[in-house]
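Student: Okay, here's the structure, questions in a sec.
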Amino acid sequence: MVGLFLFVWMELVYGEGSGVAVGVSPESVAQAAVLYSAYTLAMVGLFGREIWFRNGEIFSVYFGMFGSIGKLQVRGGELGARRFLSGATGWVGTIPGSVALVITSIGTTTFDGASEGVFKDGIQWLVDRCADIGLNPTASVRTSMTIFMLLSVAIVALVYLAGVRGMSTVPGAPDRPTLWRSFAHALIPIAFAYLLAHYFSLFFFQEQAQFTYLLSDPLGTGTTDLFGTAGYGVDYNAISNQLVWYVQVGALVCGHVAGLVLAHDRAITIWKDYRTAARSQYWMLAVMVAFTCFGLFLLSVSNS
């Protein structure tokens, strides 16, 4: 959770005041890469390669989280198939801090979308207040954006907590910490849906660059044309805004439906009576609807 938060913080918050036009300066990236490599090697030496990359290394755990909802898995060193979404049911229980990671994934993606939309005026207001108390412009921006990034994660956690508290009132419910852990895997498809909806257009356009002029001239020298595509550009008319919107909405709807399926599947293992299990899921339905509405609202603001 901390590793993911810091990675996104460096990209979105530290990069905002880094002094370069877009993103983080190359020097900062290099320093972060060296520090993280040293940290990873130290942890591998302390815990062992298998344990650390399965349970501790943030990128392995993060992509493993999304991989848990997929059709394929590795069993005993061999590639095998499983039921779609079934891997998520056991993922949360095996990874320390997994609930916080899922929530942070949704919260940081939410912040990325909201910082240029619904949060924009609030961030600017806080920047001005920080300047009033004597912070320099860079510190003001970074402090304000950090606060709103933490707020985004807190909002996601509170929405999920509201669902957990509601389920705890259903007769036969286990204690709240157990519910908190038991249903967190239902948020993984939502985290993936938010990620897909937010980055779909960026991915589409950047891959045009990746497989055309960047592939032929990877160092940007202007003198290399390995595959004859160095003169190509990005075609921003290749897909319409309407198609992007449909993909985004479709991703959110499918992600939340998948989340409800996982939540219902878990509910019937906790409440043996199917009527009681269905009653408990009214609360998770409310959580999913809240996330769906919030996601659609963010998309509508960013596309307006």
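By convention in this document, the chains of the structure tokens carry letters A, B, ... by their order, each chain's residues are numbered from 1, and ligands are numbered from 1 in the order they are shown.
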Which of segment 16-262 of chain A end up as alpha helix (DSSP H) when DSSP is run on this backbone - answer as number ranges by chain?
Tutor: A: 26-47, 49-55, 58-67, 88-94, 98-114, 120-132, 137-168, 176-182, 188-210, 213-216, 241-262
Student: With 8 Å as the cut-off and only C-alpha atoms counted, what is the closest atom pair between each nearby residue of segment 102-194 of chain A and segment 231-254 of chain A? Distances in Å to one decimal, ordered by chain and number, as JSON lines.
Tutor:
{"residue": "A:Ile190", "atom": "CA", "partner": "A:Leu252", "partner_atom": "CA", "distance": 7.1}
{"residue": "A:Ala193", "atom": "CA", "partner": "A:Ala251", "partner_atom": "CA", "distance": 5.1}
{"residue": "A:Tyr194", "atom": "CA", "partner": "A:Leu252", "partner_atom": "CA", "distance": 6.6}
Student: Could those residues be written to a file, using C-alpha atoms, as a PDB file, in the first residue's frame?
Tutor:
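Dumped everything to part_19.pdb:
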ATOM      1  CA  ILE A 190     -13.488  -2.127  -9.511  1.00  0.00           C
ATOM      2  CA  ALA A 193     -12.211  -0.890 -14.076  1.00  0.00           C
ATOM      3  CA  TYR A 194     -11.127   2.494 -12.718  1.00  0.00           C
TER       4      TYR A 194
END
Student: In Å, rounded to a single decimal, give me how far atom CA of His256 of chain A is from atom CA of Pro189 of chain A.
Tutor: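 The value is 6.8 Å.
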Student: Quick one: of A:Val287, A:Asp128, A:Val118, A:Leu262, who's nearest to Ser300 of chain A, counting only C-alpha atoms?
Tutor: A:Val118
Student: Within 8 Å of Gly163 of chain A, counting only C-alpha atoms, which residues qualify if same-chain residues fewer than 5 places away don't, as a list in words?
Tutor: Trp283, Met284, Ala286 and Val287 of chain A
Student: Would you give me, as CSV, each residue of segment 121-161 of chain A having an atom within 7 Å of an atom of segment 9-13 of chain A, along with its shortest atom pair and that distance in Å to one decimal, using only C-alpha atoms and sorting by chain and residue number?
Tutor:
residue,atom,partner,partner_atom,distance
A:Arg142,CA,A:Val13,CA,5.5
A:Met145,CA,A:Val13,CA,6.0
A:Thr146,CA,A:Val13,CA,6.6
Student: Those residues you just picked out, can you put them in a file as a PDB file, in the first residue's frame with C-alpha atoms?
Tutor:
ATOM      1  CA  ARG A 142       2.911  19.391  -3.328  1.00  0.00           C
ATOM      2  CA  MET A 145      -2.038  17.686  -3.745  1.00  0.00           C
ATOM      3  CA  THR A 146      -0.756  15.273  -1.101  1.00  0.00           C
TER       4      THR A 146
END
Student: Determine, counting only C-alpha atoms, which protein, DNA and RNA residues have an atom within 8 Å of an atom of segment 47-64 of chain A; residues of the same chain fewer than 6 positions away are not included. Present the result as number ranges by chain.
Tutor: A: 1, 3-4, 40, 95-96, 101
Student: May I ask which of the residues A:Leu151, A:Val164, A:Val289, A:Ile268 is the closest one to Thr104 of chain A, counting only C-alpha atoms?
Tutor: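 Nearest to Thr104 of chain A: A:Leu151.
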Student: Could you pull the residues within 10 Å of Arg83 of chain A, counting only C-alpha atoms, minus those fewer than 4 positions along the same chain, as a VMD selection string?
Tutor: chain A and resid 69 to 72 87
Student: Could the residues in this selection be written to a file with C-alpha atoms, as a PDB file, in the first residue's frame?
Tutor:
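Saved as again-v7.pdb:
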ATOM      1  CA  ILE A  69      -9.166 -12.030 -11.532  1.00  0.00           C
ATOM      2  CA  GLY A  70      -7.867 -13.487 -14.791  1.00  0.00           C
ATOM      3  CA  LYS A  71      -8.410 -16.856 -16.396  1.00  0.00           C
ATOM      4  CA  LEU A  72      -4.805 -18.089 -16.268  1.00  0.00           C
ATOM      5  CA  GLY A  87      -8.340 -16.348  -8.100  1.00  0.00           C
TER       6      GLY A  87
END
Student: Find the residue from A:Gly295, A:Gly80, A:Gly172, A:Gly15 that sits nearest to Thr138 of chain A; use only C-alpha atoms when measuring.
Tutor: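 Counting only C-alpha atoms, the residue closest to Thr138 of chain A is A:Gly15.
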Student: Work out how far apart atom CA of Phe200 of chain A and atom CA of Ser68 of chain A are and give it in Å to one decimal.
Tutor: 20.7 Å
